[in-house]
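J.: start.txt is reproduced in full below (compact mmCIF, C-alpha atoms).
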```
# COMPACT_ATOMS: atom_id res chain seq x y z
CA MET A 143 105.74 128.61 109.89
CA SER A 144 102.90 127.08 107.88
CA ASP A 145 100.91 130.35 107.60
CA GLY A 146 102.79 131.35 104.46
CA VAL A 147 102.47 128.01 102.69
CA LYS A 148 100.08 126.48 100.21
CA PHE A 149 98.88 122.91 100.01
CA ALA A 150 98.31 120.82 96.93
CA LEU A 151 97.33 117.24 96.34
CA GLY A 152 98.55 115.20 93.40
CA ARG A 153 96.91 112.07 92.11
CA ARG A 154 97.90 109.78 89.24
CA TYR A 155 95.50 107.93 86.94
CA ARG A 156 96.06 105.76 83.90
CA PHE A 157 94.35 105.33 80.58
CA ALA A 158 95.20 103.51 77.39
CA ALA A 159 94.17 105.14 74.14
CA SER A 160 95.05 105.34 70.48
CA HIS A 161 95.75 108.39 68.36
CA ARG A 162 97.13 109.51 65.05
CA LEU A 163 98.92 112.79 64.51
CA HIS A 164 97.61 114.24 61.27
CA SER A 165 96.59 117.72 60.19
CA GLU A 166 94.09 118.39 57.41
CA LYS A 167 95.95 121.67 56.84
CA LEU A 168 99.09 119.87 55.68
CA SER A 169 99.76 117.80 52.56
CA ALA A 170 100.40 114.06 52.81
CA GLU A 171 104.13 114.70 52.44
CA GLU A 172 104.17 117.44 55.04
CA ASN A 173 102.18 115.30 57.50
CA SER A 174 104.64 112.51 57.01
CA ARG A 175 107.61 114.85 57.43
CA VAL A 176 106.23 116.63 60.53
CA PHE A 177 104.70 113.70 62.38
CA GLY A 178 106.86 110.81 61.18
CA LYS A 179 105.57 107.40 62.24
CA CYS A 180 102.92 109.08 64.41
CA ASN A 181 101.23 109.83 61.07
CA ASN A 182 100.82 106.14 60.13
CA PRO A 183 97.26 105.89 58.77
CA HIS A 184 95.67 103.59 61.33
CA GLY A 185 97.14 105.22 64.42
CA HIS A 186 98.86 103.68 67.42
CA GLY A 187 98.40 103.72 71.19
CA HIS A 188 99.96 104.61 74.51
CA ASN A 189 99.52 103.83 78.17
CA TYR A 190 99.06 107.39 79.37
CA VAL A 191 99.69 108.41 82.97
CA LEU A 192 97.61 111.40 84.00
CA GLU A 193 98.73 113.43 87.02
CA ILE A 194 96.24 115.92 88.40
CA THR A 195 97.23 118.51 91.02
CA VAL A 196 94.63 120.45 93.00
CA SER A 197 95.13 123.00 95.76
CA GLY A 198 93.03 124.38 98.57
CA MET A 199 92.59 124.68 102.31
CA VAL A 200 93.06 121.61 104.47
CA ASP A 201 89.76 120.88 106.25
CA PRO A 202 90.60 120.48 109.95
CA ALA A 203 87.85 117.88 110.43
CA THR A 204 89.21 115.52 107.78
CA GLY A 205 92.83 116.65 107.32
CA MET A 206 92.15 116.74 103.58
CA ILE A 207 92.09 119.31 100.79
CA VAL A 208 89.59 117.09 99.04
CA ASN A 209 88.21 113.65 99.69
CA LEU A 210 89.87 111.31 97.19
CA THR A 211 86.54 109.61 96.54
CA ASP A 212 85.20 112.91 95.16
CA LEU A 213 88.32 113.66 93.09
CA ASP A 214 88.55 110.12 91.73
CA GLY A 215 84.83 110.07 90.85
CA PHE A 216 85.07 113.40 89.03
CA VAL A 217 88.18 112.44 87.03
CA LEU A 218 86.67 109.06 86.21
CA ARG A 219 83.42 110.61 84.95
CA GLU A 220 84.93 113.56 83.08
CA VAL A 221 88.05 111.98 81.62
CA ILE A 222 88.83 108.30 82.16
CA GLU A 223 85.49 106.91 80.99
CA ALA A 224 85.71 108.95 77.77
CA PHE A 225 89.42 108.37 77.08
CA ASP A 226 90.30 104.89 78.33
CA HIS A 227 90.36 102.27 75.57
CA HIS A 228 89.13 104.74 72.99
CA SER A 229 90.47 106.41 69.89
CA LEU A 230 91.21 110.04 70.71
CA ASN A 231 90.81 111.15 67.07
CA GLU A 232 87.52 109.36 66.49
CA GLU A 233 85.81 109.51 69.85
CA ILE A 234 86.79 112.79 71.54
CA ALA A 235 85.00 115.69 69.87
CA ALA A 236 87.82 118.20 70.52
CA PHE A 237 90.17 116.16 68.34
CA ARG A 238 88.01 116.36 65.24
CA GLU A 239 89.65 119.78 64.76
CA LYS A 240 92.84 119.60 66.78
CA VAL A 241 95.74 117.16 66.49
CA PRO A 242 95.70 114.88 69.56
CA THR A 243 99.27 115.54 70.59
CA THR A 244 99.81 115.13 74.29
CA GLU A 245 100.12 118.93 74.53
CA ASN A 246 96.55 119.20 73.23
CA VAL A 247 95.38 116.27 75.37
CA CYS A 248 96.68 118.17 78.45
CA ILE A 249 94.69 121.26 77.44
CA GLU A 250 91.52 119.23 76.74
CA ILE A 251 91.74 117.45 80.10
CA TYR A 252 92.44 120.75 81.89
CA GLU A 253 89.30 122.22 80.32
CA ARG A 254 87.27 119.20 81.46
CA LEU A 255 88.57 119.32 85.03
CA LYS A 256 88.85 123.06 85.73
CA HIS A 257 85.28 123.22 87.04
CA PHE A 258 85.94 120.69 89.79
CA PRO A 259 83.89 122.24 92.59
CA ARG A 260 85.82 121.07 95.65
CA ALA A 261 89.38 122.33 95.01
CA ARG A 262 91.31 124.50 92.57
CA LEU A 263 92.84 122.72 89.60
CA GLU A 264 96.53 123.66 89.57
CA ARG A 265 97.85 121.63 86.67
CA VAL A 266 97.51 118.60 84.44
CA ARG A 267 100.61 116.57 83.69
CA ILE A 268 100.63 113.64 81.29
CA GLU A 269 103.30 111.03 80.71
CA GLU A 270 102.79 109.73 77.19
CA THR A 271 105.60 107.26 77.69
CA ALA A 272 108.10 106.84 80.49
CA ASN A 273 110.35 109.29 78.63
CA ASN A 274 107.94 112.04 77.55
CA SER A 275 105.80 114.21 79.78
CA PHE A 276 103.75 117.35 79.24
CA GLU A 277 102.18 119.86 81.60
CA TYR A 278 99.47 122.49 81.34
CA ALA A 279 98.43 124.84 84.13
CA GLY A 280 95.91 127.06 82.32
CA GLU A 281 96.30 130.08 80.08
CA HIS A 282 97.54 132.42 82.78
CA SER A 283 99.84 130.00 84.51
CA ALA A 284 103.01 131.95 83.67
CA ASP A 285 101.51 135.12 85.22
CA ARG A 286 100.27 133.21 88.23
CA GLN A 287 103.59 131.56 88.98
CA ALA A 288 105.43 134.86 88.72
CA VAL A 289 103.33 136.48 91.49
CA MET B 242 117.84 130.74 91.99
CA VAL B 243 118.80 127.08 92.13
CA TYR B 244 116.54 124.35 93.52
CA LEU B 245 118.02 121.33 95.20
CA THR B 246 115.95 118.27 96.08
CA ARG B 247 116.77 115.41 98.39
CA LYS B 248 114.62 112.30 98.69
CA ILE B 249 114.19 109.95 101.66
CA GLU B 250 111.86 107.05 102.33
CA PHE B 251 110.24 105.96 105.54
CA SER B 252 107.64 103.37 106.49
CA ALA B 253 104.90 104.11 108.98
CA SER B 254 101.38 103.17 109.96
CA HIS B 255 98.33 105.34 110.54
CA LEU B 256 94.56 105.44 110.62
CA TYR B 257 92.00 108.17 109.97
CA HIS B 258 89.49 108.80 112.70
CA ASN B 259 87.84 111.99 113.92
CA PRO B 260 86.45 111.58 117.47
CA ASN B 261 83.93 114.37 116.78
CA LEU B 262 82.23 112.28 114.11
CA SER B 263 79.99 109.28 114.66
CA VAL B 264 81.13 105.75 113.84
CA GLU B 265 79.04 105.85 110.67
CA GLU B 266 80.35 109.25 109.59
CA ASN B 267 83.95 108.17 110.16
CA LYS B 268 83.31 105.11 108.00
CA ARG B 269 81.65 107.16 105.28
CA VAL B 270 84.29 109.93 105.15
CA PHE B 271 87.43 107.85 105.60
CA GLY B 272 86.41 104.46 104.20
CA LYS B 273 88.95 101.70 104.79
CA CYS B 274 91.45 104.25 106.15
CA ASN B 275 89.21 104.19 109.25
CA ASN B 276 89.89 100.50 110.01
CA PRO B 277 90.56 100.47 113.76
CA HIS B 278 94.02 98.90 113.86
CA GLY B 279 95.49 101.07 111.12
CA HIS B 280 97.54 100.23 108.07
CA GLY B 281 100.87 101.37 106.65
CA HIS B 282 102.66 102.90 103.73
CA ASN B 283 106.14 103.31 102.33
CA TYR B 284 106.31 107.08 102.25
CA SER B 285 108.64 108.87 99.90
CA LEU B 286 109.60 112.43 100.82
CA GLU B 287 111.15 114.99 98.48
CA VAL B 288 112.50 118.12 100.14
CA THR B 289 113.39 121.06 97.88
CA VAL B 290 115.58 123.93 99.04
CA ALA B 291 115.97 127.13 97.00
CA GLY B 292 118.98 129.40 97.05
CA GLU B 293 121.99 130.83 95.27
CA PRO B 294 125.11 128.66 95.13
CA ASP B 295 127.83 129.84 97.51
CA PRO B 296 130.64 131.34 95.40
CA VAL B 297 133.31 129.41 97.28
CA THR B 298 131.72 125.95 97.62
CA GLY B 299 129.32 126.07 94.67
CA MET B 300 126.60 124.69 96.94
CA VAL B 301 123.15 126.02 97.91
CA LEU B 302 123.63 124.02 101.06
CA ASP B 303 125.78 121.07 101.98
CA LEU B 304 123.80 117.93 101.08
CA LYS B 305 125.45 116.14 103.98
CA GLU B 306 123.95 118.67 106.34
CA LEU B 307 120.50 118.29 104.75
CA LYS B 308 120.82 114.52 105.05
CA GLU B 309 121.58 114.87 108.76
CA ILE B 310 118.63 117.22 109.31
CA LEU B 311 116.29 114.78 107.54
CA GLU B 312 117.67 111.87 109.55
CA ARG B 313 117.27 113.70 112.86
CA GLU B 314 113.97 115.47 112.27
CA ILE B 315 112.06 113.03 110.08
CA MET B 316 113.54 109.52 110.06
CA GLN B 317 114.04 109.26 113.80
CA ARG B 318 110.59 110.68 114.45
CA MET B 319 108.51 108.86 111.83
CA ASP B 320 110.26 105.80 110.42
CA HIS B 321 108.67 102.56 111.62
CA ARG B 322 106.26 104.45 113.87
CA PHE B 323 102.51 104.55 114.26
CA LEU B 324 101.94 108.18 113.26
CA ASN B 325 98.74 108.70 115.31
CA TYR B 326 100.27 107.53 118.58
CA GLU B 327 104.00 108.13 118.32
CA VAL B 328 104.46 111.47 116.59
CA ALA B 329 103.65 114.26 119.05
CA GLU B 330 103.33 116.89 116.31
CA LEU B 331 100.42 114.95 114.79
CA LYS B 332 98.45 114.63 118.06
CA GLY B 333 94.86 115.72 117.52
CA GLN B 334 95.24 115.77 113.74
CA ILE B 335 94.21 113.23 111.12
CA PRO B 336 97.55 111.98 109.72
CA THR B 337 96.65 112.51 106.08
CA CYS B 338 99.33 113.16 103.50
CA GLU B 339 98.46 116.89 103.67
CA ASN B 340 98.84 117.08 107.47
CA ILE B 341 102.05 115.03 107.54
CA ALA B 342 103.49 117.31 104.84
CA ARG B 343 102.57 120.34 106.98
CA VAL B 344 104.23 118.83 110.07
CA ILE B 345 107.34 118.04 108.02
CA TRP B 346 107.39 121.62 106.68
CA ASN B 347 107.14 123.03 110.21
CA LEU B 348 109.91 120.75 111.47
CA LEU B 349 112.31 121.51 108.62
CA GLU B 350 111.67 125.18 107.93
CA PRO B 351 113.52 126.55 111.00
CA LYS B 352 116.36 124.02 110.64
CA ILE B 353 117.33 124.95 107.09
CA THR B 354 119.47 128.02 107.48
CA GLN B 355 121.41 127.92 104.21
CA GLY B 356 119.03 128.51 101.33
CA ARG B 357 115.33 128.45 102.06
CA LEU B 358 112.91 125.55 102.27
CA HIS B 359 110.89 125.72 99.07
CA GLN B 360 108.72 122.61 98.91
CA VAL B 361 107.92 119.42 100.74
CA ARG B 362 106.39 116.71 98.56
CA LEU B 363 105.22 113.59 100.37
CA TYR B 364 104.19 110.50 98.41
CA GLU B 365 101.94 108.11 100.32
CA THR B 366 101.86 105.79 97.32
CA PRO B 367 103.36 106.32 93.84
CA ASP B 368 99.91 107.60 92.78
CA LEU B 369 99.16 110.02 95.61
CA PHE B 370 101.17 112.93 96.95
CA ALA B 371 100.73 116.16 98.90
CA ASP B 372 102.77 119.31 98.30
CA CYS B 373 103.39 121.98 100.89
CA TYR B 374 105.18 124.98 99.36
CA ARG B 375 105.90 128.62 99.98
CA ASN B 376 102.98 130.79 98.95
CA GLY B 377 103.78 133.00 95.97
CA ALA B 378 106.99 131.16 95.14
CA SER B 379 107.91 131.40 91.48
CA ARG B 380 108.35 127.68 90.90
CA THR B 381 105.89 124.97 91.93
```
Would you write the structure of this file as structure tokens?

T.:
Amino acid sequence: MSDGVKFALGRRYRFAASHRLHSEKLSAEENSRVFGKCNNPHGHGHNYVLEITVSGMVDPATGMIVNLTDLDGFVLREVIEAFDHHSLNEEIAAFREKVPTTENVCIEIYERLKHFPRARLERVRIEETANNSFEYAGEHSADRQAV
Amino acid sequence: MVYLTRKIEFSASHLYHNPNLSVEENKRVFGKCNNPHGHGHNYSLEVTVAGEPDPVTGMVLDLKELKEILEREIMQRMDHRFLNYEVAELKGQIPTCENIARVIWNLLEPKITQGRLHQVRLYETPDLFADCYRNGASRT
């Protein structure tokens, strides 16, 4: 029965942000070839959907893995306030060096949220548009899932 | 291994209240979910079964059979019900998404005899879901 099962909680958030895909390591032509219109000089934006999954024990007193107020507050402070209605290239320090593809945005958000004290961060999933989504579950996720 | 998922929707009401906590604590912990007359959601349930396709039928399990199990075990029990008062399996528990997912897992697990129940995902709203899944399973 439920002894051999795990519990996780998923929560979706939204932020709107702009970015430009451009690498200093590539020539103008190569940037244009690799990134296409995502390399346009003044950038463009998306309505990102951020899905966070955390796991843990269900507290018998509350029936919850984590109180949503705590999770929402943490995600708001660590991610949404910094990302929403901002330029990822200009205003998020990690993207001074790295190209703000949604792959890299997943990794950056995972790094910001992995210290959440009240539950274990399982994965970060981002929908860049309704047709594209990306997931990151930490460096050792492949090992962990194979257990 | 092949994973098969079937989705159903049901509507139900609930409220969060722990009789061991004071009125103030209940309010603080559960917020508006503690309002005394309850409130409701359109729940969306995704049930995933893992298995190898049968060489003769090509199926992990017959979807018609899964549909009937979900109708009998979940829809008839929970659809258009007040979860706190009308679902015996939730008696004494706070009917959070996590606990409802656990009850659903426990109801379905023994009934699914072809393939193996792999995951129950219950959406309370499009932005909030709970997963209950087999510990150590290779796909989450």

J.: Quick one: residues within 10 Å of B:Pro336, only C-alpha atoms counted, chain neighbours fewer than 4 positions away excluded, as a list in words?

T.: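 So, after excluding close chain neighbours, the residues are Thr204, Gly205 and Met206 of chain A; Ser254, His255, Leu256, Tyr257, His258, Leu324, Asn325, Val328, Leu331, Lys332, Asn340, Ile341, Ala342 and Val344 of chain B.
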
J.: Using only C-alpha atoms, please write the residues we just selected to a file, as a PDB file, in the frame of the given file.

T.:
```pdb
ATOM      1  CA  THR A 204      89.210 115.520 107.780  1.00  0.00           C
ATOM      2  CA  GLY A 205      92.830 116.650 107.320  1.00  0.00           C
ATOM      3  CA  MET A 206      92.150 116.740 103.580  1.00  0.00           C
TER       4      MET A 206
ATOM      5  CA  SER B 254     101.380 103.170 109.960  1.00  0.00           C
ATOM      6  CA  HIS B 255      98.330 105.340 110.540  1.00  0.00           C
ATOM      7  CA  LEU B 256      94.560 105.440 110.620  1.00  0.00           C
ATOM      8  CA  TYR B 257      92.000 108.170 109.970  1.00  0.00           C
ATOM      9  CA  HIS B 258      89.490 108.800 112.700  1.00  0.00           C
ATOM     10  CA  LEU B 324     101.940 108.180 113.260  1.00  0.00           C
ATOM     11  CA  ASN B 325      98.740 108.700 115.310  1.00  0.00           C
ATOM     12  CA  VAL B 328     104.460 111.470 116.590  1.00  0.00           C
ATOM     13  CA  LEU B 331     100.420 114.950 114.790  1.00  0.00           C
ATOM     14  CA  LYS B 332      98.450 114.630 118.060  1.00  0.00           C
ATOM     15  CA  ASN B 340      98.840 117.080 107.470  1.00  0.00           C
ATOM     16  CA  ILE B 341     102.050 115.030 107.540  1.00  0.00           C
ATOM     17  CA  ALA B 342     103.490 117.310 104.840  1.00  0.00           C
ATOM     18  CA  VAL B 344     104.230 118.830 110.070  1.00  0.00           C
TER      19      VAL B 344
END
```

J.: Could you name the residues that touch B:Arg343 at 12 Å or less, counting all atoms listed in the file, but leaving out those on the same chain fewer than 2 positions away, as a compact mmCIF listing (two decimals) with C-alpha atoms, keeping the file's coordinate frame?

T.:
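New file selection_33.txt:
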```txt
# COMPACT_ATOMS: atom_id res chain seq x y z
CA MET A 143 105.74 128.61 109.89
CA SER A 144 102.90 127.08 107.88
CA ASP A 145 100.91 130.35 107.60
CA GLY A 146 102.79 131.35 104.46
CA VAL A 147 102.47 128.01 102.69
CA LYS A 148 100.08 126.48 100.21
CA PHE A 149 98.88 122.91 100.01
CA ALA A 150 98.31 120.82 96.93
CA MET A 199 92.59 124.68 102.31
CA VAL A 200 93.06 121.61 104.47
CA GLY A 205 92.83 116.65 107.32
CA MET A 206 92.15 116.74 103.58
CA GLU B 330 103.33 116.89 116.31
CA LEU B 331 100.42 114.95 114.79
CA GLN B 334 95.24 115.77 113.74
CA ILE B 335 94.21 113.23 111.12
CA PRO B 336 97.55 111.98 109.72
CA THR B 337 96.65 112.51 106.08
CA CYS B 338 99.33 113.16 103.50
CA GLU B 339 98.46 116.89 103.67
CA ASN B 340 98.84 117.08 107.47
CA ILE B 341 102.05 115.03 107.54
CA ILE B 345 107.34 118.04 108.02
CA TRP B 346 107.39 121.62 106.68
CA ASN B 347 107.14 123.03 110.21
CA LEU B 348 109.91 120.75 111.47
CA LEU B 349 112.31 121.51 108.62
CA GLU B 350 111.67 125.18 107.93
CA GLN B 360 108.72 122.61 98.91
CA VAL B 361 107.92 119.42 100.74
CA ARG B 362 106.39 116.71 98.56
CA LEU B 363 105.22 113.59 100.37
CA ALA B 371 100.73 116.16 98.90
CA ASP B 372 102.77 119.31 98.30
CA CYS B 373 103.39 121.98 100.89
CA TYR B 374 105.18 124.98 99.36
CA ARG B 375 105.90 128.62 99.98
```

J.: Check the smallest atom-to-atom distance from each of B:Glu287, B:Glu265, B:Glu250, B:Glu306 to B:Thr354 using all atoms listed in the file, then report the winner.

T.: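 Of B:Glu287, B:Glu265, B:Glu250, B:Glu306, the one nearest B:Thr354, counting all atoms listed in the file, is B:Glu306.
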
J.: Step by step: start from the point (80.7, 119.4, 96.3) in the file's coordinates, keep every protein, DNA or RNA residue that has an atom no farther than 10 Å from it, count only C-alpha atoms, and write the set as a ChimeraX atom specification.

T.: /A:208,212,258-261

J.: Check the smallest atom-to-atom distance from each of B:Leu262, B:Leu286, B:Val243, B:Leu304 to B:Leu369 using only C-alpha atoms, then report the winner.

T.: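 Ranked by minimum distance to B:Leu369, first place goes to B:Leu286.
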
J.: Do a neighbour search on A:Thr211 at 9 Å with only C-alpha atoms, toss out local chain neighbours closer than 4 positions, and write the hits as a PyMOL selection string.

T.: (chain A and resi 215-216) or (chain B and resi 270)

J.: Using all atoms listed in the file for the distances, tell me which of B:Met300, B:Cys274, B:Ala291, B:Met316 is nearest to chain A.

T.: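 Under the stated criterion, the closest residue is B:Cys274.
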
J.: Identify, on the basis of all atoms listed in the file, every residue whose closest approach to stretch 152-168 of chain A does not exceed 8 Å; exclude the query and any residue fewer than 3 positions from it along the same chain; express the result as a PyMOL selection string.

T.: (chain A and resi 171-173+177+180-196+222+225-231+240-243) or (chain B and resi 367-372)

J.: Go through A:Arg175, A:His282, A:Arg262, A:Arg267 and flag the residue nearest A:Glu245, using all atoms listed in the file for the distances.

T.: A:Arg267

J.: Nearest to B:Pro277 among B:Asn259, B:Thr289, B:Thr298, B:Gln317, with distances taken over only C-alpha atoms: which residue is it?

T.: B:Asn259

J.: Could you tell me how far atom CA of B:Lys305 lies from atom CA of B:Pro351, in Å and to one decimal?

T.: 17.3 Å

J.: Report, in Å with one decimal, the straight-line distance from atom CA of A:Val176 to atom CA of A:Glu253.

T.: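 Between atom CA of A:Val176 and atom CA of A:Glu253 the gap is 26.6 Å.
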
J.: Which value, in Å to one decimal, gives the distance between atom CA of B:Lys352 and atom CA of B:Ala329?

T.: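 Value for the atom CA of B:Lys352-atom CA of B:Ala329 distance: 18.1 Å.
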
J.: May I ask you to restore N, CA and C atoms in stretch 270-282 of chain A and write the result as a short mmCIF file (atom, residue, chain, number, x, y, z; two decimals), in the frame of the given file?

T.:
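Output contents, as saved in out19.cif:
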```
data_model
loop_
_atom_site.label_atom_id
_atom_site.label_comp_id
_atom_site.auth_asym_id
_atom_site.auth_seq_id
_atom_site.Cartn_x
_atom_site.Cartn_y
_atom_site.Cartn_z
N GLU A 270 103.24 110.49 78.37
CA GLU A 270 102.79 109.73 77.19
C GLU A 270 103.51 108.39 77.15
N THR A 271 104.79 108.45 77.49
CA THR A 271 105.60 107.26 77.69
C THR A 271 106.45 107.56 78.92
N ALA A 272 107.25 106.60 79.32
CA ALA A 272 108.10 106.84 80.49
C ALA A 272 109.10 107.97 80.24
N ASN A 273 109.33 108.29 78.96
CA ASN A 273 110.35 109.29 78.63
C ASN A 273 109.81 110.66 78.23
N ASN A 274 108.51 110.76 77.99
CA ASN A 274 107.94 112.04 77.55
C ASN A 274 106.85 112.47 78.50
N SER A 275 106.92 113.71 78.98
CA SER A 275 105.80 114.21 79.78
C SER A 275 105.50 115.65 79.41
N PHE A 276 104.27 116.04 79.65
CA PHE A 276 103.75 117.35 79.24
C PHE A 276 102.92 117.91 80.38
N GLU A 277 102.92 119.23 80.51
CA GLU A 277 102.18 119.86 81.60
C GLU A 277 101.41 121.06 81.10
N TYR A 278 100.24 121.28 81.65
CA TYR A 278 99.47 122.49 81.34
C TYR A 278 98.82 122.99 82.61
N ALA A 279 98.97 124.28 82.88
CA ALA A 279 98.43 124.84 84.13
C ALA A 279 97.48 125.99 83.84
N GLY A 280 96.87 126.00 82.66
CA GLY A 280 95.91 127.06 82.32
C GLY A 280 96.61 128.19 81.60
N GLU A 281 95.78 129.01 80.94
CA GLU A 281 96.30 130.08 80.08
C GLU A 281 97.18 131.07 80.81
N HIS A 282 96.83 131.36 82.07
CA HIS A 282 97.54 132.42 82.78
C HIS A 282 98.57 131.87 83.75
#
```
